[in-house]
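Here is the structure we will look at, set down as structure tokens.
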Amino acid sequence: MWPRMIEPVEHAASIQSDALMTSGEAPNVTAVANPVIRTDSLDLGFGSTMILEDINLEFPRGSITALIGPSGSGKTTFLRSLNRMNDKVRGYKRAGEVKLDGTSIWDSQVDLLQLRRRVGMLFQRPNPFPMSIRENVLVGVKAHKLARKSDFDQITETLLKEVGLWKAVSDRLNDSPFRLSGGQQQLLCLARALAVRPEVLLLDEPTSALDPFSIELVESLIARLAPAVTFVVVTHNLAQAKRLSHNTAFFFQGRLMEYGLTTQIFANPQQPDTQRYVSGAMG
Ligand SMILES: Nc1ncnc2c1ncn2[C@@H]1O[C@H](COP(=O)(O)OP(=O)(O)OP(=O)(O)O)[C@@H](O)[C@H]1O
Ligand SMILES: [Mg+2]
């Protein structure tokens with residue numbers, strides 16, 4: 001019998017972000033009971049293959065959660081299930097629930113476009129759209145009618161400044177994004193994701209293609225935004241999980257092996273597999 005999840009850890013959004021990049025410690029938070037997303041006994045499979053089994057997790061509003069675990073453990077599949085990205089995959093089967101603010105994301109009242117606005121996603125490989133840099137930033141703002149045309153220039157500038165791209169692209173906003181470096185493309189995708197003011201951002205190894213400077217930029221941006229946005233970040237970079245996240249969930253062979261405060265998961269894991277993984281003994 002595999003161990004059920006540990007008590008969910010709850011946080012408020014009081015993050016000391018300045019300390020984040022220098023101390024190497026996860027920031028201080030205080031407890032509240034307010035999960036923005038929770039999964040209840042989530043099972044997921046493709047065809048006859050079970051990929052995820054009995055996942056029970058809560059993501060407290062404003063928190064940063066790291067999903068860690070070896071390759072193939074189901075982190076991406078789990079992340080994609082939080083905004084229904086798996087629904088159209090061939091052979092997809094599901095049991096259990098994902099609830100956003102208490103409502104099933106599969107409820108017939110839920111509009112998929114709205115769901116994806118509220119729960120945005122950034123993929124491992126940057127995927128700018130085939131339109132100008134400016135249009136990439138504004139695409140969601142326009143689709144959801146979130147601002148007036150007269151505000152578009154200001155929004156573009158603010159977001160590109162926020163992700164640290166403004167200097168590099170301010171004189172070529174109408175150019176294609178595909179001439180940007182991979183790292184710059186990822187930052188542009190982050191600006192696009194933030195432009196629609198998501199409540200939750202799902203990030204799948206978002207910095208694996210970035211240089212150290214851009215990684216630091218993205219991490220401090222996440223830390224700064226976390227009180228307003230709930231982040232779920234898949235990462236293979238254990239140092240990143242440690243310095244960035246409040247909570248850590250360890251996935252192994254399609255199961256949630258352990259979930260708790262990041263400090264506890266790294267310093268005092270309860271499961272032998274977690275211990276092996278966080279100590280580097282498991283690849
Ligand atoms: N569309 C699919 N059809 C069948 N199997 C799939 C599909 N997508 C993923 N899988 C399988 O699900 C399992 C979990 O994959 P997933 O990509 O979620 O792992 P991961 O933890 O994100 O791995 P990595 O760290 O390498 O990115 C793997 O065995 C993978 O082969
Ligand atoms: Mg993955």
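Simple scheme: letters A, B, ... for chains in structure tokens order, numbers from 1 for residues in each chain, numbers from 1 for ligands in the order shown.
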(request) Excluding Asp87 (chain A) and residues on its chain fewer than 6 positions from it, collect all residues at most 12 Å away from it, counting only C-alpha atoms, and give them as a PyMOL selection string. (result) chain A and resi 44-46+77-78+80-81+93-94+105-106+112
(request) Dump the neighbourhood of ligand 1 as an NGL selection string: all residues within 9 Å, distances computed on only C-alpha atoms and all ligand atoms. (result) :A and (45-47 or 49-52 or 67-80 or 86 or 89-92 or 124 or 204-205 or 234-236 or 251-254)
Once you have the residues from the selection above, write them out as a compact mmCIF listing (two decimals), in the first residue's frame, restricted to N, CA, C and O atoms.
```txt
# COMPACT_ATOMS: atom_id res chain seq x y z
N GLY A 45 -4.78 8.17 -17.33
CA GLY A 45 -4.10 7.20 -18.17
C GLY A 45 -4.28 7.53 -19.63
O GLY A 45 -5.15 8.32 -20.00
N PHE A 46 -3.44 6.94 -20.46
CA PHE A 46 -3.58 7.04 -21.91
C PHE A 46 -3.71 5.61 -22.42
O PHE A 46 -2.81 4.79 -22.18
N GLY A 47 -4.82 5.31 -23.09
CA GLY A 47 -5.05 3.94 -23.51
C GLY A 47 -5.11 3.04 -22.30
O GLY A 47 -5.75 3.37 -21.30
N THR A 49 -2.53 2.38 -20.44
CA THR A 49 -1.44 2.69 -19.51
C THR A 49 -1.86 3.71 -18.47
O THR A 49 -2.28 4.82 -18.80
N MET A 50 -1.75 3.34 -17.22
CA MET A 50 -1.99 4.29 -16.13
C MET A 50 -0.75 5.17 -16.00
O MET A 50 0.37 4.66 -15.88
N ILE A 51 -0.94 6.47 -15.98
CA ILE A 51 0.20 7.37 -15.83
C ILE A 51 0.23 7.97 -14.43
O ILE A 51 1.29 8.06 -13.80
N LEU A 52 -0.93 8.39 -13.94
CA LEU A 52 -1.01 8.99 -12.61
C LEU A 52 -2.03 8.24 -11.79
O LEU A 52 -3.11 7.90 -12.30
N LEU A 67 7.28 20.79 -8.34
CA LEU A 67 7.03 19.37 -8.59
C LEU A 67 8.36 18.77 -9.03
O LEU A 67 8.93 19.19 -10.04
N ILE A 68 8.84 17.81 -8.26
CA ILE A 68 10.12 17.19 -8.58
C ILE A 68 9.91 15.68 -8.74
O ILE A 68 8.89 15.14 -8.31
N GLY A 69 10.89 15.05 -9.33
CA GLY A 69 10.82 13.60 -9.49
C GLY A 69 11.56 13.19 -10.74
O GLY A 69 11.80 14.01 -11.64
N PRO A 70 11.93 11.92 -10.83
CA PRO A 70 12.70 11.46 -11.99
C PRO A 70 11.93 11.56 -13.29
O PRO A 70 10.70 11.69 -13.28
N SER A 71 12.64 11.47 -14.38
CA SER A 71 12.04 11.47 -15.71
C SER A 71 10.98 10.39 -15.82
O SER A 71 11.19 9.26 -15.35
N GLY A 72 9.85 10.75 -16.40
CA GLY A 72 8.79 9.77 -16.61
C GLY A 72 7.92 9.54 -15.39
O GLY A 72 7.04 8.68 -15.41
N SER A 73 8.11 10.33 -14.32
CA SER A 73 7.32 10.10 -13.11
C SER A 73 5.93 10.71 -13.20
O SER A 73 5.11 10.51 -12.30
N GLY A 74 5.66 11.49 -14.24
CA GLY A 74 4.30 12.01 -14.45
C GLY A 74 4.12 13.47 -14.12
O GLY A 74 2.99 13.97 -14.10
N LYS A 75 5.21 14.20 -13.92
CA LYS A 75 5.11 15.62 -13.53
C LYS A 75 4.42 16.46 -14.60
O LYS A 75 3.50 17.21 -14.31
N THR A 76 4.87 16.30 -15.84
CA THR A 76 4.28 17.08 -16.93
C THR A 76 2.82 16.70 -17.15
O THR A 76 1.96 17.56 -17.30
N THR A 77 2.55 15.40 -17.11
CA THR A 77 1.17 14.94 -17.31
C THR A 77 0.28 15.52 -16.21
O THR A 77 -0.83 15.99 -16.49
N PHE A 78 0.78 15.52 -14.99
CA PHE A 78 0.00 16.09 -13.89
C PHE A 78 -0.23 17.58 -14.11
O PHE A 78 -1.37 18.07 -14.01
N LEU A 79 0.85 18.29 -14.43
CA LEU A 79 0.75 19.74 -14.63
C LEU A 79 -0.28 20.05 -15.71
O LEU A 79 -1.12 20.93 -15.55
N ARG A 80 -0.20 19.31 -16.81
CA ARG A 80 -1.11 19.55 -17.93
C ARG A 80 -2.56 19.23 -17.57
O ARG A 80 -3.48 19.76 -18.19
N ASN A 86 -4.65 17.77 -21.22
CA ASN A 86 -4.57 16.36 -21.66
C ASN A 86 -5.86 15.88 -22.32
O ASN A 86 -5.87 14.80 -22.91
N VAL A 89 -5.73 14.38 -25.72
CA VAL A 89 -4.68 13.41 -26.04
C VAL A 89 -5.33 12.06 -26.30
O VAL A 89 -6.28 11.66 -25.61
N ARG A 90 -4.79 11.36 -27.29
CA ARG A 90 -5.37 10.08 -27.68
C ARG A 90 -5.41 9.08 -26.52
O ARG A 90 -4.42 8.91 -25.82
N GLY A 91 -6.54 8.48 -26.31
CA GLY A 91 -6.67 7.45 -25.29
C GLY A 91 -6.81 7.97 -23.87
O GLY A 91 -6.81 7.19 -22.92
N TYR A 92 -6.92 9.30 -23.75
CA TYR A 92 -6.98 9.93 -22.42
C TYR A 92 -8.16 9.40 -21.59
O TYR A 92 -9.29 9.33 -22.05
N GLN A 124 8.25 23.91 -21.50
CA GLN A 124 9.70 23.81 -21.42
C GLN A 124 10.37 24.49 -22.62
O GLN A 124 11.32 25.23 -22.48
N ASP A 204 6.50 24.39 -16.76
CA ASP A 204 7.14 23.09 -16.93
C ASP A 204 8.61 23.28 -17.29
O ASP A 204 8.93 23.63 -18.43
N GLU A 205 9.47 23.08 -16.33
CA GLU A 205 10.91 23.30 -16.50
C GLU A 205 11.16 24.61 -17.26
O GLU A 205 11.81 24.62 -18.31
N VAL A 234 7.42 22.70 -12.39
CA VAL A 234 8.15 21.45 -12.52
C VAL A 234 9.62 21.79 -12.72
O VAL A 234 9.96 22.64 -13.55
N THR A 235 10.47 21.16 -11.95
CA THR A 235 11.89 21.41 -12.16
C THR A 235 12.73 20.18 -11.84
O THR A 235 12.42 19.42 -10.92
N HIS A 236 13.79 20.01 -12.64
CA HIS A 236 14.79 18.98 -12.34
C HIS A 236 15.93 19.57 -11.53
O HIS A 236 16.84 18.86 -11.13
N PHE A 251 7.15 13.34 -7.05
CA PHE A 251 6.46 12.33 -7.84
C PHE A 251 7.42 11.19 -8.16
O PHE A 251 8.59 11.42 -8.47
N PHE A 252 6.86 9.98 -8.12
CA PHE A 252 7.69 8.82 -8.46
C PHE A 252 6.77 7.76 -9.04
O PHE A 252 5.76 7.38 -8.40
N GLN A 253 7.07 7.33 -10.24
CA GLN A 253 6.29 6.28 -10.90
C GLN A 253 4.79 6.56 -10.88
O GLN A 253 3.98 5.69 -10.57
N GLY A 254 4.46 7.80 -11.22
CA GLY A 254 3.05 8.16 -11.36
C GLY A 254 2.31 8.39 -10.08
O GLY A 254 1.09 8.56 -10.09
```
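From CA of Ser132 (chain A) back to CA of Leu194 (chain A), the distance works out to 17.2 Å.
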(request) Using DSSP on the backbone, list every residue of region 170-223 of chain A that comes out as alpha helix (DSSP H), and give them as a ChimeraX atom specification. (result) /A:182-195,212-223
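Comparing A:Cys189, A:Leu159, A:Leu221, A:Val233 by their smallest distance to ligand 2, the closest is A:Val233 (using only C-alpha atoms and all ligand atoms).
In terms of minimum interatomic distance to Ser220 (chain A), A:Gln240 ranks closest within A:Gln240, A:Thr65, A:Gln109, A:Asn83, counting only C-alpha atoms.
For the choices A:Phe123, A:Asn268, A:Ala195, A:Asp153, the atom-to-atom distance to ligand 2 is smallest for A:Phe123 when using only C-alpha atoms and all ligand atoms.
Every protein or nucleic acid residue with an atom no more than 12 Å from Asn127 (chain A), counting only C-alpha atoms and leaving out same-chain residues fewer than 5 positions away, appears here: A:Met121, A:Leu122, A:Asn136, A:Pro177, A:Phe178, A:Leu180, A:Gly182, A:Gly183, A:Gln184, A:Gln185, A:Gln186, A:Leu187, A:Leu188, A:Cys189, A:Leu190, A:Arg192, A:Ala193, A:Pro206.
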(request) Work out how far apart CA of Lys145 (chain A) and CA of Val232 (chain A) are and give it in Å to one decimal. (result) 26.2 Å
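When only C-alpha atoms and all ligand atoms are used to measure the gap to ligand 2, the shortest distance among A:Leu203, A:Val229, A:Val110, A:Tyr259 belongs to A:Leu203.
CA of Ala191 (chain A) lies 26.1 Å from CA of Lys99 (chain A).
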(message) Which of region 3-230 of chain A end up as strand (DSSP E or B) when DSSP is run on this backbone - answer as a VMD selection string?
(response) chain A and resid 35 to 46 49 to 60 64 to 68 92 to 100 103 to 104 119 to 122 200 to 204 230
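Take the candidates A:Glu53, A:Asp40, A:Asp171, A:Glu157 and check each one against Leu256 (chain A) using only C-alpha atoms; the shortest distance goes to A:Glu53.
For region 270-272 of chain A, the list of residues within 10 Å, based on only C-alpha atoms and with local chain neighbours fewer than 3 positions off taken out, reads Pro3, Ile6, Phe250, Met257, Glu258, Tyr259, Gly260, Gln264, Ile265, Phe266, Ala267, Gln275, Arg276 and Tyr277 of chain A.
Minimum atom-to-atom distance to ligand 2, evaluated using only C-alpha atoms and all ligand atoms, belongs to A:Arg125 out of A:Pro35, A:Arg125, A:Leu210, A:Ala223.
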